[in-house]
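A.B. asks: Please find one structure pasted underneath; my questions will follow.
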Amino acid sequence: MQKAKEIGIDAYHDEQREKKRILNHLLKAYDDGSKAAFFCLAVNMLELKDLTETLETADDRTRGLSEGEKAVFITGQLKALADRDI
């Protein structure tokens with residue numbers, strides 16, 4: 001709720017809607033059947049700007065890869081973001 005206080009409730013709701021869209025995209029395009037909980041946590045914990053940039057990069061760089069290869073790629077990218085933010 002602190003973030004809602006900081007940026008305002010409307011902006012917070014907009015951000016949450018965008019994060020929901022990103023989560024749905026991750027689940028549809030990158031889930032190999034074992035990443036749903038990881039994706040939920042990542043979307044909740046990481047900044048929207050970072051998620052958006054990472055997803056755009058992943059969409060470009062994983063064209064033609066298998067589902068498993070895509071899952072490995074995006075998982076690595078999201079973990080790198082989390083490590084950077086620690």
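Chain labels run A, B, ... following the order of the structure tokens; each chain numbers its residues from 1, and ligands are numbered from 1 in the order shown.
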Near A:Glu67, counting only C-alpha atoms, which residues have an atom at most 9 Å away, once you skip same-chain residues fewer than 5 positions from it, shown as a PDB file with C-alpha atoms, in the first residue's frame?

C.D. replies:
ATOM      1  CA  ALA A  29       4.774 -17.597 -23.976  1.00  0.00           C
ATOM      2  CA  TYR A  30       7.423 -18.792 -21.503  1.00  0.00           C
ATOM      3  CA  ASP A  31       5.939 -21.243 -18.998  1.00  0.00           C
ATOM      4  CA  ASP A  32       7.268 -24.737 -19.483  1.00  0.00           C
ATOM      5  CA  VAL A  72      15.417 -20.977 -19.402  1.00  0.00           C
TER       6      VAL A  72
END

A.B. asks: Can you tell me, as a PyMOL selection string, which residues in stretch 9-82 of chain A count as helix (DSSP H, G or I) by DSSP?

C.D. replies: chain A and resi 9-30+36-45+48-61+67-82

A.B. asks: One decimal, in Å: what's the spacing between atom CA of A:Ala11 and atom CA of A:Leu48?

C.D. replies: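 Taking atom CA of A:Ala11 as the start and atom CA of A:Leu48 as the end point, the length is 12.0 Å.
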
A.B. asks: Would you work out the distance separating atom CA of A:Ile22 from atom CA of A:Leu51, expressed in Å to one decimal?

C.D. replies: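 Separating atom CA of A:Ile22 from atom CA of A:Leu51 is a distance of 7.7 Å.
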
A.B. asks: Leaving out stretch 75-79 of chain A and any residue of its chain fewer than 5 positions from it, which residues lie within 12 Å of it when counting only C-alpha atoms, given as a ChimeraX atom specification?

C.D. replies: /A:26-27,30-32,34-47,50-59,61-62,68-70,84-86

A.B. asks: In Å, with one decimal, what is the gap from atom CA of A:Lys28 to atom CA of A:Ala4?

C.D. replies: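 Separating atom CA of A:Lys28 from atom CA of A:Ala4 is a distance of 28.3 Å.
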
A.B. asks: Rank nothing, just name the residue among A:Gln2, A:Glu15, A:Leu23, A:Asp60 nearest to A:Phe73, using only C-alpha atoms.

C.D. replies: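 Closest residue, counting only C-alpha atoms: A:Asp60.
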